[in-house]
Structures are given as structure tokens and as C-alpha cells.
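Asks: This is coords.cif (mmCIF, C-alpha atoms).
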```cif
data_input
loop_
_atom_site.label_atom_id
_atom_site.label_comp_id
_atom_site.auth_asym_id
_atom_site.auth_seq_id
_atom_site.Cartn_x
_atom_site.Cartn_y
_atom_site.Cartn_z
CA MET A 5 -6.98 20.85 41.82
CA THR A 6 -9.38 17.95 41.46
CA ILE A 7 -9.56 16.53 37.95
CA THR A 8 -13.18 15.61 37.39
CA ALA A 9 -14.37 12.72 35.26
CA SER A 10 -16.35 15.13 33.09
CA LEU A 11 -13.18 17.14 32.33
CA VAL A 12 -11.30 13.97 31.42
CA LYS A 13 -14.20 12.91 29.21
CA GLU A 14 -14.24 16.29 27.47
CA LEU A 15 -10.50 16.14 26.72
CA ARG A 16 -10.86 12.59 25.46
CA GLU A 17 -13.67 13.59 23.09
CA ILE A 18 -11.58 16.48 21.75
CA THR A 19 -8.30 14.59 21.28
CA GLY A 20 -9.30 10.93 20.97
CA ALA A 21 -6.50 9.99 23.40
CA GLY A 22 -6.97 7.29 26.03
CA MET A 23 -8.68 7.99 29.35
CA MET A 24 -5.50 7.62 31.43
CA GLU A 25 -3.47 9.73 29.00
CA CYS A 26 -6.07 12.50 29.26
CA LYS A 27 -6.11 12.37 33.04
CA LYS A 28 -2.31 12.54 33.22
CA ALA A 29 -2.25 15.49 30.83
CA LEU A 30 -4.81 17.38 32.92
CA VAL A 31 -2.92 16.66 36.13
CA GLU A 32 0.34 17.92 34.62
CA THR A 33 -1.32 21.10 33.30
CA GLY A 34 -3.34 21.88 36.41
CA GLY A 35 -6.66 21.12 34.76
CA ASP A 36 -6.12 23.60 31.90
CA LEU A 37 -8.01 22.05 28.99
CA GLN A 38 -6.16 24.00 26.28
CA ALA A 39 -2.76 23.31 27.81
CA ALA A 40 -3.65 19.64 28.17
CA GLN A 41 -4.47 19.45 24.46
CA GLU A 42 -1.09 20.99 23.63
CA HIS A 43 0.62 18.58 26.04
CA LEU A 44 -0.98 15.59 24.30
CA ARG A 45 -0.06 16.99 20.89
CA LYS A 46 3.61 17.32 21.89
CA LYS A 47 3.52 13.88 23.46
CA GLY A 48 2.02 12.55 20.24
CA GLN A 49 4.95 13.94 18.25
CA ALA A 50 7.45 12.39 20.65
CA SER A 51 5.58 9.09 20.65
CA ALA A 52 5.41 9.04 16.85
CA GLU A 53 9.15 9.73 16.61
CA LYS A 54 9.89 6.98 19.13
CA LYS A 55 7.79 4.46 17.21
CA ALA A 56 8.99 5.55 13.76
CA GLY A 57 11.72 2.92 13.70
CA ARG A 58 9.35 0.05 14.40
CA ILE A 59 8.41 -2.14 11.44
CA ALA A 60 4.93 -1.43 10.11
CA ALA A 61 4.25 -4.07 7.47
CA GLU A 62 0.52 -4.60 8.06
CA GLY A 63 -2.26 -2.23 7.05
CA ARG A 64 -4.64 -1.74 4.16
CA ILE A 65 -4.99 -0.51 0.60
CA GLU A 66 -7.53 2.21 -0.11
CA VAL A 67 -8.83 3.03 -3.60
CA ILE A 68 -11.01 5.95 -4.70
CA VAL A 69 -12.12 6.45 -8.29
CA GLY A 70 -13.12 10.04 -9.07
CA ALA A 71 -14.60 11.72 -12.12
CA ASP A 72 -11.29 12.33 -13.91
CA ALA A 73 -8.73 10.44 -11.84
CA ALA A 74 -8.27 7.68 -9.28
CA VAL A 75 -5.95 7.13 -6.34
CA ILE A 76 -4.55 4.04 -4.66
CA VAL A 77 -2.90 4.35 -1.22
CA GLU A 78 -1.01 2.00 1.09
CA VAL A 79 -1.33 2.86 4.79
CA ASN A 80 0.66 0.78 7.28
CA CYS A 81 0.51 -0.23 10.92
CA GLU A 82 2.32 -2.86 12.98
CA THR A 83 -0.38 -5.48 13.54
CA ASP A 84 -3.28 -6.98 11.65
CA PHE A 85 -5.47 -6.24 14.69
CA VAL A 86 -4.97 -2.48 14.31
CA ALA A 87 -5.48 -2.77 10.53
CA LYS A 88 -9.11 -3.62 11.36
CA ASP A 89 -9.57 -0.76 13.84
CA GLU A 90 -12.21 1.79 12.83
CA ASN A 91 -9.92 4.72 13.67
CA PHE A 92 -7.16 3.32 11.45
CA LEU A 93 -9.73 2.71 8.70
CA ALA A 94 -10.94 6.32 8.92
CA PHE A 95 -7.33 7.57 8.72
CA ALA A 96 -6.62 5.43 5.65
CA GLN A 97 -9.78 6.62 3.91
CA GLN A 98 -8.93 10.25 4.66
CA ALA A 99 -5.44 9.70 3.23
CA ALA A 100 -7.02 8.57 -0.05
CA ARG A 101 -9.49 11.47 -0.11
CA LEU A 102 -6.79 14.06 0.54
CA ALA A 103 -4.48 12.56 -2.09
CA LEU A 104 -7.20 12.60 -4.73
CA SER A 105 -8.44 16.10 -3.95
CA GLY A 106 -5.06 17.78 -3.39
CA ARG A 107 -2.95 15.78 -5.89
CA PRO A 108 0.27 16.11 -3.84
CA SER A 109 3.46 14.96 -5.55
CA ASP A 110 4.69 12.75 -2.71
CA VAL A 111 3.94 11.45 0.78
CA PRO A 112 5.53 14.43 2.63
CA GLY A 113 3.30 16.69 0.54
CA LEU A 114 0.26 14.65 1.52
CA MET A 115 1.15 14.72 5.20
CA ALA A 116 1.56 18.51 5.08
CA MET A 117 -1.97 19.00 3.73
CA ASP A 118 -4.65 20.59 5.88
CA ALA A 119 -7.05 18.12 7.46
CA ASP A 120 -9.81 19.64 9.57
CA GLY A 121 -7.75 22.64 10.63
CA GLU A 122 -4.43 20.87 11.27
CA SER A 123 -1.86 19.04 9.21
CA PHE A 124 -2.54 15.45 8.28
CA GLU A 125 0.78 14.63 9.96
CA ALA A 126 -0.60 16.01 13.24
CA GLN A 127 -3.58 13.69 12.88
CA ARG A 128 -1.22 10.79 12.31
CA ASN A 129 0.68 11.65 15.48
CA ALA A 130 -2.55 11.77 17.46
CA LEU A 131 -3.55 8.37 16.10
CA VAL A 132 -0.17 6.91 17.09
CA VAL A 133 -0.81 8.06 20.67
CA LYS A 134 -4.35 6.71 20.67
CA ILE A 135 -3.57 3.32 19.14
CA GLY A 136 -0.02 2.82 20.37
CA GLU A 137 1.52 1.61 17.12
CA ASN A 138 3.70 3.03 14.38
CA ILE A 139 1.31 4.20 11.67
CA GLY A 140 2.13 5.82 8.36
CA VAL A 141 1.23 6.41 4.75
CA ARG A 142 3.83 4.45 2.82
CA ARG A 143 2.99 5.31 -0.78
CA PHE A 144 0.23 6.37 -3.13
CA GLN A 145 -0.28 6.80 -6.84
CA ILE A 146 -2.75 8.95 -8.74
CA VAL A 147 -3.91 7.73 -12.15
CA THR A 148 -5.29 10.17 -14.70
CA PRO A 149 -6.45 7.73 -17.37
CA VAL A 150 -6.21 7.90 -21.13
CA GLY A 151 -9.34 5.74 -21.20
CA ARG A 152 -11.21 4.97 -17.99
CA VAL A 153 -10.15 3.52 -14.65
CA ALA A 154 -11.13 -0.01 -13.66
CA HIS A 155 -10.25 -1.17 -10.16
CA TYR A 156 -10.18 -4.21 -7.93
CA VAL A 157 -9.31 -4.63 -4.24
CA HIS A 158 -8.62 -8.11 -2.89
CA GLY A 159 -9.62 -8.01 0.77
CA VAL A 160 -7.73 -5.00 2.08
CA LYS A 161 -4.20 -6.14 1.20
CA ILE A 162 -3.98 -5.89 -2.61
CA GLY A 163 -5.34 -3.11 -4.81
CA VAL A 164 -5.21 -2.48 -8.55
CA LEU A 165 -6.03 0.41 -10.87
CA VAL A 166 -6.15 -0.21 -14.63
CA ASP A 167 -6.27 2.42 -17.36
CA ILE A 168 -8.31 0.73 -20.10
CA GLU A 169 -9.87 1.86 -23.38
CA GLY A 170 -12.74 -0.02 -25.01
CA GLY A 171 -14.51 -3.12 -23.75
CA ASN A 172 -17.12 -3.00 -21.03
CA GLU A 173 -17.14 -2.58 -17.25
CA GLN A 174 -16.93 -6.32 -16.63
CA LEU A 175 -13.81 -6.60 -18.78
CA GLY A 176 -12.12 -3.82 -16.85
CA HIS A 177 -12.95 -5.50 -13.54
CA ASP A 178 -11.66 -8.85 -14.81
CA ILE A 179 -8.38 -7.36 -16.01
CA ALA A 180 -7.86 -5.60 -12.67
CA MET A 181 -8.60 -8.87 -10.84
CA HIS A 182 -6.12 -10.68 -13.10
CA VAL A 183 -3.40 -8.13 -12.28
CA ALA A 184 -4.10 -8.59 -8.56
CA ALA A 185 -3.74 -12.36 -8.90
CA THR A 186 -0.69 -12.64 -11.17
CA ASN A 187 1.30 -9.45 -10.47
CA PRO A 188 2.66 -8.87 -14.01
CA ARG A 189 5.72 -6.65 -14.28
CA CYS A 190 4.30 -4.47 -17.05
CA VAL A 191 1.69 -4.40 -19.84
CA SER A 192 3.84 -5.73 -22.71
CA ALA A 193 7.43 -6.63 -23.56
CA ASP A 194 7.77 -3.19 -25.19
CA ASP A 195 7.55 -1.66 -21.71
CA LEU A 196 10.57 -3.57 -20.41
CA PRO A 197 13.99 -1.89 -20.41
CA ALA A 198 16.15 -3.20 -23.26
CA GLU A 199 18.88 -4.19 -20.80
CA THR A 200 16.45 -6.42 -18.91
CA VAL A 201 15.60 -8.35 -22.08
CA GLU A 202 19.26 -8.60 -23.12
CA THR A 203 20.32 -9.84 -19.69
CA GLU A 204 17.70 -12.58 -19.82
CA ARG A 205 18.75 -13.48 -23.39
CA ARG A 206 22.40 -13.77 -22.28
CA ILE A 207 21.49 -16.03 -19.35
CA LEU A 208 19.36 -18.25 -21.57
CA SER A 209 22.13 -18.38 -24.19
CA GLU A 210 24.68 -19.54 -21.62
CA GLN A 211 22.29 -22.22 -20.40
CA ALA A 212 21.51 -23.42 -23.94
CA GLU A 213 25.16 -23.55 -24.99
CA GLN A 214 25.89 -26.00 -22.20
CA ALA A 215 23.65 -28.51 -23.97
CA GLY A 216 26.25 -28.77 -26.76
CA LYS A 217 23.76 -28.09 -29.57
CA PRO A 218 24.66 -26.44 -32.91
CA ALA A 219 24.62 -22.63 -32.92
CA GLU A 220 21.44 -22.38 -35.04
CA ILE A 221 19.60 -24.75 -32.68
CA VAL A 222 20.84 -22.79 -29.67
CA ALA A 223 19.53 -19.55 -31.22
CA LYS A 224 16.07 -21.05 -31.72
CA MET A 225 16.05 -22.46 -28.18
CA VAL A 226 16.98 -19.09 -26.73
CA GLU A 227 14.32 -17.16 -28.64
CA GLY A 228 11.65 -19.71 -27.70
CA ARG A 229 12.56 -19.60 -24.03
CA LEU A 230 12.80 -15.81 -24.10
CA ARG A 231 9.28 -15.57 -25.58
CA LYS A 232 7.99 -17.85 -22.82
CA TYR A 233 9.68 -15.76 -20.14
CA LEU A 234 8.31 -12.48 -21.52
CA ASN A 235 4.80 -13.95 -21.69
CA GLU A 236 5.06 -14.99 -18.03
CA ILE A 237 5.95 -11.52 -16.77
CA THR A 238 3.83 -9.30 -19.04
CA LEU A 239 0.09 -8.73 -18.77
CA LEU A 240 -0.67 -9.27 -22.46
CA GLY A 241 1.29 -12.52 -22.62
CA GLN A 242 -0.14 -14.16 -19.50
CA PRO A 243 -2.93 -16.76 -19.66
CA PHE A 244 -6.15 -15.07 -18.49
CA VAL A 245 -6.96 -16.29 -14.96
CA LYS A 246 -10.64 -16.91 -15.75
CA ASP A 247 -9.83 -18.73 -19.02
CA PRO A 248 -6.22 -20.01 -19.15
CA ASP A 249 -6.73 -21.24 -22.73
CA GLN A 250 -6.43 -17.67 -24.01
CA SER A 251 -3.97 -14.90 -23.24
CA VAL A 252 -4.99 -11.53 -21.83
CA GLY A 253 -3.75 -9.97 -25.06
CA LYS A 254 -6.07 -12.18 -27.12
CA LEU A 255 -9.01 -11.41 -24.83
CA LEU A 256 -8.46 -7.65 -25.18
CA GLN A 257 -8.11 -7.97 -28.94
CA GLU A 258 -11.40 -9.87 -29.21
CA GLN A 259 -13.21 -7.16 -27.25
CA GLY A 260 -11.54 -4.24 -29.00
CA ALA A 261 -9.90 -3.02 -25.81
CA THR A 262 -6.45 -1.67 -24.93
CA VAL A 263 -4.74 -1.47 -21.54
CA ARG A 264 -2.72 1.73 -21.28
CA GLY A 265 -1.22 0.97 -17.89
CA PHE A 266 -1.88 -0.34 -14.41
CA VAL A 267 -0.85 0.13 -10.80
CA ARG A 268 -0.75 -2.72 -8.28
CA LEU A 269 0.00 -2.17 -4.58
CA GLU A 270 0.29 -4.89 -1.98
CA VAL A 271 0.49 -4.20 1.75
CA GLY A 272 3.98 -4.75 3.14
CA GLU A 273 5.48 -5.55 -0.25
CA GLY A 274 9.26 -5.36 0.01
CA ILE A 275 9.25 -4.77 3.78
CA GLU A 276 11.25 -7.29 5.78
CA LYS A 277 8.93 -8.36 8.56
CA LYS A 278 10.25 -9.10 12.03
CA VAL A 279 9.51 -12.68 13.05
CA GLU A 280 8.28 -12.72 16.61
CA ASN A 281 8.74 -15.72 18.89
CA PHE A 282 6.22 -15.17 21.67
CA ALA A 283 7.64 -17.88 23.95
CA GLU A 284 11.16 -16.46 23.68
CA GLU A 285 9.85 -12.95 24.30
CA VAL A 286 8.10 -14.05 27.51
CA GLN A 287 11.23 -15.89 28.72
CA ALA A 288 13.33 -12.79 28.05
CA GLN A 289 10.92 -10.66 30.08
CA ILE A 290 11.00 -13.16 32.98
CA LYS A 291 14.81 -13.13 33.00
CA ALA A 292 14.89 -9.33 32.82
CA ASN A 293 12.51 -9.01 35.76
CA GLY A 294 14.18 -11.76 37.72
#
```
Just give me the structure of the file as C-alpha cells.
Replies:
Amino acid sequence: MTITASLVKELREITGAGMMECKKALVETGGDLQAAQEHLRKKGQASAEKKAGRIAAEGRIEVIVGADAAVIVEVNCETDFVAKDENFLAFAQQAARLALSGRPSDVPGLMAMDADGESFEAQRNALVVKIGENIGVRRFQIVTPVGRVAHYVHGVKIGVLVDIEGGNEQLGHDIAMHVAATNPRCVSADDLPAETVETERRILSEQAEQAGKPAEIVAKMVEGRLRKYLNEITLLGQPFVKDPDQSVGKLLQEQGATVRGFVRLEVGEGIEKKVENFAEEVQAQIKANG
């Protein structure tokens, strides 16, 4: 049968797939609109599985602060170009909304949630077909604060949620911005595992002993260097980014505020990115075709 432009347009509006993909699906299903939708859905699953192994280290961070909780989500794609696509943006925002409303325990739970009559995973598959890149929700965290949630998003690549008691809204924003900038490991030294502190103390002791100083001098050197190290990696010990002459801990104390915890997510953090050499890739294609 003849596949009309209006039929292709209708399938495209329903599925969001590309024009050529829709036409091919209609040709293969004899113009059956319902069967063509199913064909594209199955193709989407296959396409998503095929692309699943490809590195997706770009993307965006989405943050939503609700009445009693907040969520921060990292959604990935392969290229910065797609990270700016309106369809990818809508998917990322929906991921955050679903996570906050449904409070799933993990990413598989989020992807299994209902989204407009189908699973969120099915929507992801459809988006993979439409955009042509590996796309996925990498991680999310829901914060139910002891105090209130302050947040800060730097561009679209770094996001922070801070559980803070006391102070004002500006202080919360400043602390969240500080966390985004300095990436502290935890709030205070009390939050560090004891073995982490002891390992650092042992390393510093070995370094100090090589200086040939008396034992009591070595002990003082080690404790001084350990204090400096702990201040560098903990929020309360760090110099405040907007006023390096005072620590974050001192600032909070002056304003009668306490930070109960924070979450910081950065797009692609810990993912080994593939370094592309465009010239080499073109040469390889020429040789392959030659």
C-alpha cells in the first residue's frame, strides 16, 4: 500500500521517532499504525541495548526542592550537544519529578515507574531511538532534611543539596555554592571513618620521621599536618570561598547555623571518558572504505 505523508506525520507525532524511521516502520507493517508503534517500541529496546555499552559521560544535573524533601538527579548522554536538546531536558526533568513523587529506592525502581501510561524505561528507549545516543539515569538522591534544604546548581553540570538549620536563605545558598566549588568530602572530621584518619596519620608520621627530628617534635608535626589535612577536606574546616579569612565552621557559628549534611553530584564524575581523535577516525573510515 501507499504510505502517505499524513500517516507518517501521525506516527511521528505519536512516537516522537524520526521521519524516516516512521516511514520504514509503516512500510514493514503494511501501513498499520498500531503495529508500526509496536515495531518502533521493539526497535527502541534493541537500539537501547545496542547503545548501552557506549560511554555516556555528558548530561545534566536536575534539582527539585519540594515541601518536605528534595531530589538531585544525574542524567547522562554521550555528547554535550544532546545535553542541550529540549527532549533530553524534558526527560531529565521528568526523572527528577518521578523520583521526588515516587521516592523509589534505586534507579531500577525509578525506571520501572509509570510515566504517562508506560514505564519510564520505555520512554528512555524511545528517546534513544529519537536522539540516537546512549541515554540513562545514572544516580539520584532524595534528601529529607532535619532543617531545610538549600540548593545550588552550577550551570547544568554540578548540583548541591544542603540540609541546614538556622541562618537565613542567603547563608544556605552560599554554603551550597561553596560545596559546589570546593567539593569537601564530608561536613566535619567526625564524619570520616577512623581508619581514614589513622591511615593519614601513619603516612604523615613516616614522612616526619625521615626528617630526623626528636620523637616529641615529630608528634607535634604530625598532629599539625593532620589538622591541616582534615581542614582541607571537610566543609567546616575549609576557608569560606566568599571570605577566605574565615572558615565555614566559623561562619556558621556566627550565624547560629548547623549543616546536617549535603549531597554534591557532578556530571560524569568517576566515568572514564573516551578521547576521540577526529582526524584518526576519518582516516580509519577512509581505509575501511578503500
Asks: Written as a list in words, which residues does the PyMOL selection byres ((chain A and resi 6) around 9) give for the file shown?
Replies: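 Residues picked by the PyMOL selection byres ((chain A and resi 6) around 9): Met5, Ile7, Thr8, Val31, Gly34 and Gly35 of chain A.
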Asks: Go ahead and write the residues just picked, C-alpha atoms, as a PDB file, in the frame of the given file.
Replies:
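Output saved as part20.pdb:
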```pdb
ATOM      1  CA  MET A   5      -6.980  20.850  41.820  1.00  0.00           C
ATOM      2  CA  ILE A   7      -9.560  16.530  37.950  1.00  0.00           C
ATOM      3  CA  THR A   8     -13.180  15.610  37.390  1.00  0.00           C
ATOM      4  CA  VAL A  31      -2.920  16.660  36.130  1.00  0.00           C
ATOM      5  CA  GLY A  34      -3.340  21.880  36.410  1.00  0.00           C
ATOM      6  CA  GLY A  35      -6.660  21.120  34.760  1.00  0.00           C
TER       7      GLY A  35
END
```
Asks: Quick one: residues within 9 Å of Gly241 in chain A, all atoms listed in the file, excluding same-chain residues fewer than 3 positions away - as a ChimeraX atom specification?
Replies: /A:191-193,232,234-238,244,251-254
Asks: Translate the PyMOL selection byres ((chain A and resi 135) around 10) into a concrete residue list for this structure, as a ChimeraX atom specification.
Replies: /A:20-22,81,86,89,91-92,130-134,136-139
Asks: Nearest to Glu169 in chain A among A:Lys46, A:Arg58, A:Arg264, A:Lys28, with distances taken over only C-alpha atoms: which residue is it?
Replies: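 Looking only at the distances to Glu169 in chain A, the closest residue turns out to be A:Arg264.
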Asks: Report the distance between CA of Phe124 in chain A and CA of Asp110 in chain A in Å, rounded to one decimal place.
Replies: 13.4 Å
Asks: Which of these, A:Lys246, A:Arg205, A:Arg268, A:His155, has the shortest distance to Arg189 in chain A once you count all atoms listed in the file?
Replies: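 Between A:Lys246, A:Arg205, A:Arg268, A:His155, the residue approaching Arg189 in chain A most closely is A:Arg268.
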Asks: Counting all atoms listed in the file, figure out which residue out of A:Gln38, A:Ala223, A:Thr33, A:Asp84 gets nearest to Ile18 in chain A.
Replies: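 Of all the options, A:Gln38 lies closest to Ile18 in chain A.
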Asks: Return as JSON, numbers by chain the set of residues that the PyMOL selection byres ((chain A and resi 101) around 12) yields on the displayed structure.
Replies: {"A": [66, 67, 68, 69, 70, 73, 74, 75, 76, 77, 94, 95, 96, 97, 98, 99, 100, 102, 103, 104, 105, 106, 107, 108, 114, 117, 118, 119, 124, 144, 146]}
Asks: Take the residues from that selection and put them in a file with C-alpha atoms, as a compact mmCIF listing (two decimals), keeping the file's coordinate frame.
Replies:
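Now in selection_26.txt:
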```txt
# COMPACT_ATOMS: atom_id res chain seq x y z
CA GLU A 66 -7.53 2.21 -0.11
CA VAL A 67 -8.83 3.03 -3.60
CA ILE A 68 -11.01 5.95 -4.70
CA VAL A 69 -12.12 6.45 -8.29
CA GLY A 70 -13.12 10.04 -9.07
CA ALA A 73 -8.73 10.44 -11.84
CA ALA A 74 -8.27 7.68 -9.28
CA VAL A 75 -5.95 7.13 -6.34
CA ILE A 76 -4.55 4.04 -4.66
CA VAL A 77 -2.90 4.35 -1.22
CA ALA A 94 -10.94 6.32 8.92
CA PHE A 95 -7.33 7.57 8.72
CA ALA A 96 -6.62 5.43 5.65
CA GLN A 97 -9.78 6.62 3.91
CA GLN A 98 -8.93 10.25 4.66
CA ALA A 99 -5.44 9.70 3.23
CA ALA A 100 -7.02 8.57 -0.05
CA LEU A 102 -6.79 14.06 0.54
CA ALA A 103 -4.48 12.56 -2.09
CA LEU A 104 -7.20 12.60 -4.73
CA SER A 105 -8.44 16.10 -3.95
CA GLY A 106 -5.06 17.78 -3.39
CA ARG A 107 -2.95 15.78 -5.89
CA PRO A 108 0.27 16.11 -3.84
CA LEU A 114 0.26 14.65 1.52
CA MET A 117 -1.97 19.00 3.73
CA ASP A 118 -4.65 20.59 5.88
CA ALA A 119 -7.05 18.12 7.46
CA PHE A 124 -2.54 15.45 8.28
CA PHE A 144 0.23 6.37 -3.13
CA ILE A 146 -2.75 8.95 -8.74
```
Asks: Hey, can you check how far CA of Gly265 in chain A sits from CA of Asn172 in chain A?
Replies: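 Between these atoms lies a distance of 16.7 Å.
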Asks: When you get a chance, write out N, CA and C atoms for range 191-210 of chain A, as a PDB file, in the frame of the given file.
Replies:
```
ATOM      1  N   VAL A 191       2.758  -4.043 -18.897  1.00  0.00           N
ATOM      2  CA  VAL A 191       1.690  -4.400 -19.840  1.00  0.00           C
ATOM      3  C   VAL A 191       2.223  -5.316 -20.936  1.00  0.00           C
ATOM      4  N   SER A 192       3.298  -4.918 -21.610  1.00  0.00           N
ATOM      5  CA  SER A 192       3.840  -5.730 -22.710  1.00  0.00           C
ATOM      6  C   SER A 192       5.360  -5.708 -22.671  1.00  0.00           C
ATOM      7  N   ALA A 193       5.976  -6.566 -23.505  1.00  0.00           N
ATOM      8  CA  ALA A 193       7.430  -6.630 -23.560  1.00  0.00           C
ATOM      9  C   ALA A 193       8.038  -5.301 -23.997  1.00  0.00           C
ATOM     10  N   ASP A 194       7.279  -4.500 -24.733  1.00  0.00           N
ATOM     11  CA  ASP A 194       7.770  -3.190 -25.190  1.00  0.00           C
ATOM     12  C   ASP A 194       8.028  -2.246 -24.016  1.00  0.00           C
ATOM     13  N   ASP A 195       7.396  -2.526 -22.873  1.00  0.00           N
ATOM     14  CA  ASP A 195       7.550  -1.660 -21.710  1.00  0.00           C
ATOM     15  C   ASP A 195       8.769  -2.018 -20.868  1.00  0.00           C
ATOM     16  N   LEU A 196       9.400  -3.141 -21.169  1.00  0.00           N
ATOM     17  CA  LEU A 196      10.570  -3.570 -20.410  1.00  0.00           C
ATOM     18  C   LEU A 196      11.823  -2.836 -20.892  1.00  0.00           C
ATOM     19  N   PRO A 197      12.722  -2.497 -19.990  1.00  0.00           N
ATOM     20  CA  PRO A 197      13.990  -1.890 -20.410  1.00  0.00           C
ATOM     21  C   PRO A 197      14.757  -2.868 -21.299  1.00  0.00           C
ATOM     22  N   ALA A 198      15.413  -2.349 -22.322  1.00  0.00           N
ATOM     23  CA  ALA A 198      16.150  -3.200 -23.260  1.00  0.00           C
ATOM     24  C   ALA A 198      17.209  -4.031 -22.544  1.00  0.00           C
ATOM     25  N   GLU A 199      17.836  -3.456 -21.509  1.00  0.00           N
ATOM     26  CA  GLU A 199      18.880  -4.190 -20.800  1.00  0.00           C
ATOM     27  C   GLU A 199      18.333  -5.398 -20.047  1.00  0.00           C
ATOM     28  N   THR A 200      17.074  -5.296 -19.598  1.00  0.00           N
ATOM     29  CA  THR A 200      16.450  -6.420 -18.910  1.00  0.00           C
ATOM     30  C   THR A 200      16.272  -7.599 -19.862  1.00  0.00           C
ATOM     31  N   VAL A 201      15.800  -7.306 -21.071  1.00  0.00           N
ATOM     32  CA  VAL A 201      15.600  -8.350 -22.080  1.00  0.00           C
ATOM     33  C   VAL A 201      16.939  -8.956 -22.494  1.00  0.00           C
ATOM     34  N   GLU A 202      17.952  -8.109 -22.684  1.00  0.00           N
ATOM     35  CA  GLU A 202      19.260  -8.600 -23.120  1.00  0.00           C
ATOM     36  C   GLU A 202      19.935  -9.441 -22.040  1.00  0.00           C
ATOM     37  N   THR A 203      19.750  -9.050 -20.786  1.00  0.00           N
ATOM     38  CA  THR A 203      20.320  -9.840 -19.690  1.00  0.00           C
ATOM     39  C   THR A 203      19.695 -11.224 -19.645  1.00  0.00           C
ATOM     40  N   GLU A 204      18.377 -11.291 -19.812  1.00  0.00           N
ATOM     41  CA  GLU A 204      17.700 -12.580 -19.820  1.00  0.00           C
ATOM     42  C   GLU A 204      18.138 -13.412 -21.026  1.00  0.00           C
ATOM     43  N   ARG A 205      18.300 -12.769 -22.189  1.00  0.00           N
ATOM     44  CA  ARG A 205      18.750 -13.480 -23.390  1.00  0.00           C
ATOM     45  C   ARG A 205      20.162 -14.061 -23.177  1.00  0.00           C
ATOM     46  N   ARG A 206      21.027 -13.296 -22.537  1.00  0.00           N
ATOM     47  CA  ARG A 206      22.400 -13.770 -22.280  1.00  0.00           C
ATOM     48  C   ARG A 206      22.392 -14.981 -21.352  1.00  0.00           C
ATOM     49  N   ILE A 207      21.576 -14.911 -20.293  1.00  0.00           N
ATOM     50  CA  ILE A 207      21.490 -16.030 -19.350  1.00  0.00           C
ATOM     51  C   ILE A 207      20.966 -17.281 -20.044  1.00  0.00           C
ATOM     52  N   LEU A 208      19.930 -17.114 -20.849  1.00  0.00           N
ATOM     53  CA  LEU A 208      19.360 -18.250 -21.570  1.00  0.00           C
ATOM     54  C   LEU A 208      20.346 -18.816 -22.585  1.00  0.00           C
ATOM     55  N   SER A 209      21.132 -17.937 -23.210  1.00  0.00           N
ATOM     56  CA  SER A 209      22.130 -18.380 -24.190  1.00  0.00           C
ATOM     57  C   SER A 209      23.197 -19.233 -23.505  1.00  0.00           C
ATOM     58  N   GLU A 210      23.656 -18.793 -22.356  1.00  0.00           N
ATOM     59  CA  GLU A 210      24.680 -19.540 -21.620  1.00  0.00           C
ATOM     60  C   GLU A 210      24.154 -20.909 -21.199  1.00  0.00           C
TER      61      GLU A 210
END
```
